[in-house]
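Here is my_file_12.txt, consisting of compact mmCIF, C-alpha atoms:
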# COMPACT_ATOMS: atom_id res chain seq x y z
CA MET A 21 13.49 20.06 -7.60
CA ARG A 22 11.97 17.67 -5.08
CA CYS A 23 14.19 16.65 -2.17
CA PRO A 24 15.04 12.90 -2.17
CA ARG A 25 13.43 10.87 0.62
CA LEU A 26 14.93 7.92 2.51
CA LEU A 27 13.10 5.48 4.77
CA LEU A 28 15.25 4.97 7.87
CA ASP A 29 14.07 2.91 10.84
CA ALA A 30 15.84 4.86 13.58
CA ASN A 31 15.46 7.57 16.21
CA LEU A 32 15.32 10.73 14.10
CA ALA A 33 15.97 13.29 16.84
CA PRO A 34 17.44 16.54 15.49
CA GLY A 35 21.21 16.73 15.83
CA ARG A 36 21.75 12.96 15.72
CA ARG A 37 24.06 11.33 13.22
CA VAL A 38 22.65 8.00 12.05
CA GLU A 39 24.66 5.44 10.09
CA LEU A 40 22.95 4.18 6.96
CA PRO A 41 22.55 0.44 6.36
CA PRO A 42 24.56 -0.75 3.33
CA ASP A 43 21.51 -1.25 1.10
CA LEU A 44 20.10 2.19 1.91
CA LEU A 45 23.50 3.84 1.38
CA ARG A 46 23.84 2.07 -1.96
CA HIS A 47 20.37 3.29 -2.94
CA ALA A 48 21.21 6.86 -1.94
CA VAL A 49 24.51 6.95 -3.83
CA SER A 50 23.94 4.69 -6.83
CA VAL A 51 20.23 5.19 -7.53
CA LEU A 52 19.46 8.68 -6.22
CA ARG A 53 22.98 9.89 -7.13
CA LEU A 54 23.40 11.80 -3.88
CA ARG A 55 26.85 13.14 -3.08
CA ASP A 56 28.57 14.08 0.16
CA GLY A 57 26.73 16.94 1.84
CA ALA A 58 23.61 16.51 -0.28
CA PRO A 59 20.31 17.51 1.36
CA CYS A 60 17.63 14.87 1.73
CA GLN A 61 14.66 14.00 3.91
CA VAL A 62 14.43 10.94 6.13
CA PHE A 63 11.29 9.36 7.58
CA ASP A 64 10.85 6.44 9.95
CA GLY A 65 7.63 4.94 8.56
CA ARG A 66 5.77 5.81 11.77
CA GLY A 67 4.95 9.45 11.04
CA SER A 68 8.23 11.24 11.74
CA GLU A 69 10.02 13.05 8.89
CA HIS A 70 13.06 15.34 9.06
CA HIS A 71 15.40 17.34 6.91
CA ALA A 72 18.83 15.72 6.78
CA ARG A 73 22.24 15.89 5.15
CA LEU A 74 24.20 12.97 3.71
CA ILE A 75 27.70 12.44 5.09
CA LEU A 76 29.96 10.03 3.19
CA SER A 77 33.05 8.53 4.78
CA GLY A 78 35.51 6.54 2.71
CA ARG A 79 34.36 4.30 -0.10
CA ARG A 80 31.62 2.38 1.69
CA GLY A 81 30.56 4.36 4.75
CA GLY A 82 27.80 6.89 5.10
CA ALA A 83 25.39 8.51 7.53
CA VAL A 84 22.79 11.23 7.71
CA GLU A 85 22.83 14.21 10.02
CA ILE A 86 19.28 14.75 11.26
CA GLY A 87 17.84 18.25 11.08
CA ALA A 88 14.51 19.91 11.79
CA VAL A 89 11.09 18.36 11.33
CA ALA A 90 10.21 18.45 7.63
CA ALA A 91 6.51 17.69 7.46
CA ALA A 92 3.45 16.85 9.49
CA PRO A 93 2.25 13.23 9.34
CA THR A 94 0.42 12.47 6.10
CA THR A 95 -2.10 10.03 7.54
CA PRO A 96 -4.82 9.42 4.94
CA GLU A 97 -8.24 10.80 5.84
CA LEU A 98 -10.05 7.55 4.99
CA PRO A 99 -8.94 4.32 6.74
CA LEU A 100 -8.64 1.83 3.87
CA ARG A 101 -7.87 -1.88 3.91
CA LEU A 102 -7.17 -3.79 0.68
CA LEU A 103 -7.73 -7.54 0.41
CA GLN A 104 -5.89 -8.27 -2.83
CA GLY A 105 -6.08 -11.65 -4.55
CA ILE A 106 -2.49 -12.73 -5.14
CA ALA A 107 -1.50 -12.15 -8.77
CA ARG A 108 1.58 -13.00 -10.76
CA GLY A 109 4.77 -10.94 -10.63
CA ASP A 110 4.43 -7.37 -11.80
CA HIS A 111 0.64 -7.39 -11.52
CA MET A 112 0.82 -7.84 -7.74
CA ASP A 113 3.68 -5.36 -7.46
CA LEU A 114 1.68 -2.71 -9.28
CA ALA A 115 -1.41 -3.30 -7.15
CA ILE A 116 0.65 -2.86 -3.96
CA GLN A 117 2.51 0.17 -5.29
CA LYS A 118 -0.64 2.02 -6.32
CA ALA A 119 -2.47 1.03 -3.14
CA VAL A 120 0.27 2.78 -1.15
CA GLU A 121 0.04 5.86 -3.37
CA LEU A 122 -3.75 5.94 -2.99
CA GLY A 123 -3.65 5.93 0.81
CA VAL A 124 -4.33 2.33 1.82
CA GLY A 125 -3.47 1.64 5.47
CA GLU A 126 -3.46 -2.18 5.37
CA ILE A 127 -2.80 -4.68 2.58
CA TRP A 128 -3.81 -8.32 2.98
CA PRO A 129 -2.59 -10.64 0.19
CA VAL A 130 -5.30 -13.29 -0.27
CA LEU A 131 -5.00 -16.83 -1.62
CA SER A 132 -8.17 -17.45 -3.59
CA ALA A 133 -9.06 -20.28 -5.96
CA ARG A 134 -7.53 -18.58 -9.01
CA SER A 135 -4.42 -17.24 -7.29
CA ARG A 136 -2.83 -20.50 -6.15
CA SER A 137 -0.76 -20.99 -9.29
CA ALA A 138 0.59 -17.46 -8.92
CA ALA A 139 1.46 -18.14 -5.28
CA ALA A 140 3.18 -21.42 -6.17
CA HIS A 141 5.40 -19.71 -8.73
CA ARG A 142 7.73 -18.61 -5.94
CA GLY A 143 7.75 -19.13 -2.19
CA LEU A 144 5.35 -16.92 -0.29
CA GLU A 145 8.06 -15.98 2.21
CA ARG A 146 10.23 -14.61 -0.60
CA LYS A 147 7.23 -12.88 -2.10
CA GLY A 148 6.48 -11.22 1.23
CA ALA A 149 9.99 -9.77 1.46
CA HIS A 150 9.75 -8.54 -2.13
CA TRP A 151 6.33 -6.95 -1.53
CA HIS A 152 7.71 -5.14 1.51
CA GLY A 153 10.38 -3.65 -0.76
CA VAL A 154 7.73 -2.50 -3.23
CA LEU A 155 5.73 -0.95 -0.39
CA ARG A 156 8.73 0.89 1.04
CA ALA A 157 9.77 2.29 -2.33
CA ALA A 158 6.22 3.47 -3.03
CA ALA A 159 6.05 5.26 0.33
CA GLU A 160 9.35 7.02 -0.38
CA GLN A 161 8.13 8.14 -3.79
CA CYS A 162 4.64 9.35 -2.89
CA GLY A 163 5.46 11.36 0.23
CA ARG A 164 3.81 9.17 2.87
CA ASN A 165 5.65 9.10 6.18
CA GLU A 166 3.63 6.27 7.72
CA LEU A 167 4.10 2.84 6.17
CA PRO A 168 0.97 0.81 5.44
CA ARG A 169 0.79 -2.57 7.16
CA LEU A 170 1.44 -5.57 4.92
CA ASP A 171 -0.06 -8.72 6.43
CA PRO A 172 1.06 -12.30 5.72
CA PRO A 173 -0.92 -14.07 2.97
CA ARG A 174 -4.21 -15.63 4.08
CA ASP A 175 -6.57 -18.14 2.52
CA PHE A 176 -9.76 -16.53 1.23
CA ALA A 177 -12.02 -17.99 3.91
CA GLN A 178 -9.56 -17.12 6.67
CA ALA A 179 -9.31 -13.53 5.45
CA LEU A 180 -13.07 -13.13 5.68
CA ALA A 181 -13.09 -14.68 9.15
CA ASP A 182 -10.25 -12.45 10.39
CA LEU A 183 -11.84 -9.14 9.38
CA PRO A 184 -12.89 -6.80 12.19
CA ARG A 185 -16.66 -6.42 12.34
CA GLU A 186 -16.85 -2.65 11.98
CA GLY A 187 -16.73 -0.65 8.77
CA LEU A 188 -17.96 -0.75 5.19
CA ARG A 189 -17.03 -3.77 3.06
CA VAL A 190 -16.74 -3.33 -0.71
CA LEU A 191 -16.25 -6.00 -3.37
CA ALA A 192 -15.03 -5.15 -6.88
CA ASP A 193 -17.80 -6.99 -8.73
CA PRO A 194 -18.96 -6.79 -12.38
CA GLU A 195 -22.49 -7.50 -11.11
CA GLY A 196 -22.37 -4.83 -8.41
CA VAL A 197 -23.84 -1.34 -8.10
CA PRO A 198 -22.42 1.11 -10.68
CA ALA A 199 -19.97 3.57 -9.18
CA GLY A 200 -22.10 6.49 -10.39
CA VAL A 201 -25.02 5.57 -8.12
CA TRP A 202 -23.10 3.90 -5.27
CA ARG A 203 -23.25 6.85 -2.88
CA CYS A 204 -27.02 7.17 -3.31
CA GLN A 205 -27.78 3.51 -2.65
CA GLU A 206 -25.10 2.26 -0.28
CA ALA A 207 -24.09 2.91 3.33
CA ASP A 208 -21.56 5.60 4.11
CA ALA A 209 -18.09 5.01 5.52
CA SER A 210 -18.45 6.85 8.82
CA ALA A 211 -18.73 3.73 10.99
CA GLY A 212 -15.14 2.57 10.54
CA PRO A 213 -12.52 1.59 7.99
CA VAL A 214 -13.45 0.69 4.43
CA THR A 215 -12.35 -2.78 3.32
CA LEU A 216 -11.97 -3.43 -0.41
CA LEU A 217 -11.82 -6.98 -1.79
CA VAL A 218 -10.30 -7.45 -5.27
CA GLY A 219 -9.91 -10.82 -6.96
CA PRO A 220 -6.73 -12.08 -8.66
CA GLU A 221 -6.23 -12.60 -12.40
CA GLY A 222 -9.42 -14.21 -13.65
CA GLY A 223 -11.36 -12.73 -10.74
CA LEU A 224 -13.07 -14.40 -7.83
CA THR A 225 -15.16 -17.47 -8.49
CA SER A 226 -18.95 -17.21 -8.24
CA GLU A 227 -18.73 -19.16 -4.98
CA GLU A 228 -16.18 -16.71 -3.55
CA ARG A 229 -18.28 -13.71 -4.57
CA ALA A 230 -21.25 -15.32 -2.83
CA GLN A 231 -19.13 -15.90 0.29
CA GLY A 232 -18.06 -12.26 0.18
CA ARG A 233 -21.64 -11.02 -0.05
CA HIS A 234 -22.61 -13.34 2.80
CA ALA A 235 -19.80 -11.75 4.85
CA GLY A 236 -21.28 -8.29 4.28
CA PHE A 237 -19.43 -7.13 1.17
CA ARG A 238 -21.37 -4.83 -1.17
CA GLY A 239 -20.60 -5.16 -4.88
CA LEU A 240 -19.14 -2.14 -6.71
CA ARG A 241 -19.21 -2.22 -10.52
CA LEU A 242 -16.27 -0.48 -12.18
CA GLY A 243 -17.67 0.04 -15.66
CA PRO A 244 -18.52 -2.14 -18.66
CA ARG A 245 -15.00 -3.32 -19.49
CA ILE A 246 -13.01 -6.25 -18.13
CA LEU A 247 -10.22 -4.90 -15.91
CA ARG A 248 -6.95 -6.51 -14.94
CA THR A 249 -6.66 -7.16 -11.22
CA GLU A 250 -4.24 -4.28 -10.66
CA THR A 251 -6.46 -1.93 -12.70
CA ALA A 252 -9.51 -2.98 -10.71
CA ALA A 253 -7.69 -2.21 -7.45
CA ILE A 254 -6.62 1.21 -8.70
CA ALA A 255 -10.08 2.07 -10.06
CA ALA A 256 -11.91 0.92 -6.93
CA LEU A 257 -9.53 2.65 -4.51
CA THR A 258 -9.75 5.88 -6.50
CA THR A 259 -13.56 5.65 -6.50
CA LEU A 260 -13.64 5.13 -2.73
CA GLN A 261 -11.27 8.05 -2.14
CA LEU A 262 -13.45 10.23 -4.37
CA LEU A 263 -16.59 9.21 -2.48
CA TYR A 264 -15.30 9.23 1.09
CA GLY A 265 -11.64 10.21 1.31
CA ASP A 266 -9.06 12.84 0.47
CA LEU A 267 -9.83 13.00 -3.29
CA ARG A 268 -13.24 14.60 -2.65
Kindly transcribe the structure held in the file into structure tokens.
Amino acid sequence: MRCPRLLLDANLAPGRRVELPPDLLRHAVSVLRLRDGAPCQVFDGRGSEHHARLILSGRRGGAVEIGAVAAAPTTPELPLRLLQGIARGDHMDLAIQKAVELGVGEIWPVLSARSRSAAAHRGLERKGAHWHGVLRAAAEQCGRNELPRLDPPRDFAQALADLPREGLRVLADPEGVPAGVWRCQEADASAGPVTLLVGPEGGLTSEERAQGRHAGFRGLRLGPRILRTETAAIAALTTLQLLYGDLR
């Protein structure tokens, strides 16, 4: 049985006893069903992961006793950045969750023309806190010990302007190059990180796709069917990992 993992932002030196924040303790006891003395693993989100043991004290207190190093850092082989058009509710959550599982290092939520109603549904500040929770839970589940960076939401034009110059830029585009011939026709990813741009529900407008191509994005076609935004992100990230990353 797999050992439960807990994300704990603390000094994880062996031999230390670290008190658990109330929300993390509640998660350990009520969700993971850990009991006093139960083994677990703790990681700090910056590459450090250790064996540990849960110590409960009273009805509401708890800590972990830090043990030996548990695993080497699981830094993905391919530096990946996802520019994800903001989608409604569970669609955005799923895109973020699967991006973490597929090795993305940075996630930039993007306000495009067709994502503004989704962004207005609830305050962006609250959304950001919620997305951080989704990201943390995904990292715990998938075995990553370095948290991806989640940037504040940006307008579409600002996101393009803020991108570093180096690296390959890929746009999920129904008019792009088919995935089956991409590697033969397009540049490789050795010059820097790969940036993937995925539109929100309804996709990017024709004007936004043109702006993306003008900014150096190369269109990648993900088959003949219309994909939901979260499916497009998953399919494109998987394709890029198969071509250049740790799924080869």
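Between atom CA of Val218 of chain A and atom CA of Leu98 of chain A the interatomic distance comes to 18.2 Å.
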**Report entry** Selection: 9 Å around Val197 of chain A, all atoms listed in the file, excl. self and same-chain fewer than 3 positions, as a ChimeraX atom specification
**Finding:** /A:193-194,200-202,205-206,238-242
Query raised in the report: Nearest to Arg174 of chain A among A:Gly232, A:Gly212, A:Pro41, A:Pro129, with distances taken over all atoms listed in the file: which residue is it?
Result: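 Smallest distance to Arg174 of chain A is found for A:Pro129.
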Requested in this report: Please provide the set of residues having any atom within 8 Å of Thr95 of chain A, restricted to all atoms listed in the file, with same-chain residues fewer than 3 positions apart removed, written as a PyMOL selection string.
Outcome: chain A and resi 67+164-166
Write a file of the just-selected residues containing C-alpha atoms, as a CSV table (one decimal), in the frame of the given file.
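Output (again.csv):
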chain,number,residue,atom,x,y,z
A,67,GLY,CA,5.0,9.4,11.0
A,164,ARG,CA,3.8,9.2,2.9
A,165,ASN,CA,5.6,9.1,6.2
A,166,GLU,CA,3.6,6.3,7.7
Query raised in the report: By how many Å are atom CA of Gly109 of chain A and atom CA of Ala253 of chain A apart?
Result: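 It comes out at 15.5 Å.
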Query raised in the report: Which residue, A:Pro172, A:Gly187, A:Pro42, A:Gly123, has the smallest gap to Gly236 of chain A when you use only C-alpha atoms?
Result: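 The shortest atom-to-atom distance to Gly236 of chain A comes from A:Gly187.
Shortest atom-to-atom contact with Leu224 of chain A among A:Leu103, A:Leu170, A:Leu45, A:Val62: A:Leu103, counting all atoms listed in the file.
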Could you write out as AutoDock Vina command-line options the box around segment 80-96 of chain A (axis-aligned, all atoms listed in the file, 3 Å on each side), with centre and edge lengths in Å to one decimal?
--center_x 13.4 --center_y 11.1 --center_z 6.7 --size_x 42.4 --size_y 23.5 --size_z 16.1
Report task. Could you check how far atom CA of Arg248 of chain A sits from atom CA of Gly219 of chain A, in Å to one decimal? Result ->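 Atom-to-atom, atom CA of Arg248 of chain A to atom CA of Gly219 of chain A, that is 9.5 Å.
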Requested in this report: Name the residues within 9 Å of (1.9, 4.2, 4.8), counting all atoms listed in the file in the file's coordinates, and put them as a list in words.
Outcome: Gly65, Arg66, Gly67, Thr94, Thr95, Pro96, Val120, Glu121, Gly123, Val124, Gly125, Glu126, Leu155, Arg156, Ala158, Ala159, Arg164, Asn165, Glu166, Leu167, Pro168 and Arg169 of chain A
Query raised in the report: What lies within 6 Å of Val130 of chain A using all atoms listed in the file, ignoring chain neighbours under 5 positions off, as a PyMOL selection string?
Result: chain A and resi 104-106+173-176
File of the preceding selection, C-alpha atoms, as a short mmCIF file (atom, residue, chain, number, x, y, z; two decimals), in the frame of the given file:
data_model
loop_
_atom_site.label_atom_id
_atom_site.label_comp_id
_atom_site.auth_asym_id
_atom_site.auth_seq_id
_atom_site.Cartn_x
_atom_site.Cartn_y
_atom_site.Cartn_z
CA GLN A 104 -5.89 -8.27 -2.83
CA GLY A 105 -6.08 -11.65 -4.55
CA ILE A 106 -2.49 -12.73 -5.14
CA PRO A 173 -0.92 -14.07 2.97
CA ARG A 174 -4.21 -15.63 4.08
CA ASP A 175 -6.57 -18.14 2.52
CA PHE A 176 -9.76 -16.53 1.23
#
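Take the candidates A:Gly148, A:Ser132, A:Arg101, A:Ile246 and check each one against Arg229 of chain A using all atoms listed in the file; the shortest distance goes to A:Ser132.
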Query raised in the report: Taking into account all atoms listed in the file, which residue in the set A:Leu44, A:Ala157, A:Ala177, A:Met112 is nearest to Ala133 of chain A?
Result: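 Ranking A:Leu44, A:Ala157, A:Ala177, A:Met112 by distance to Ala133 of chain A, first place goes to A:Ala177.
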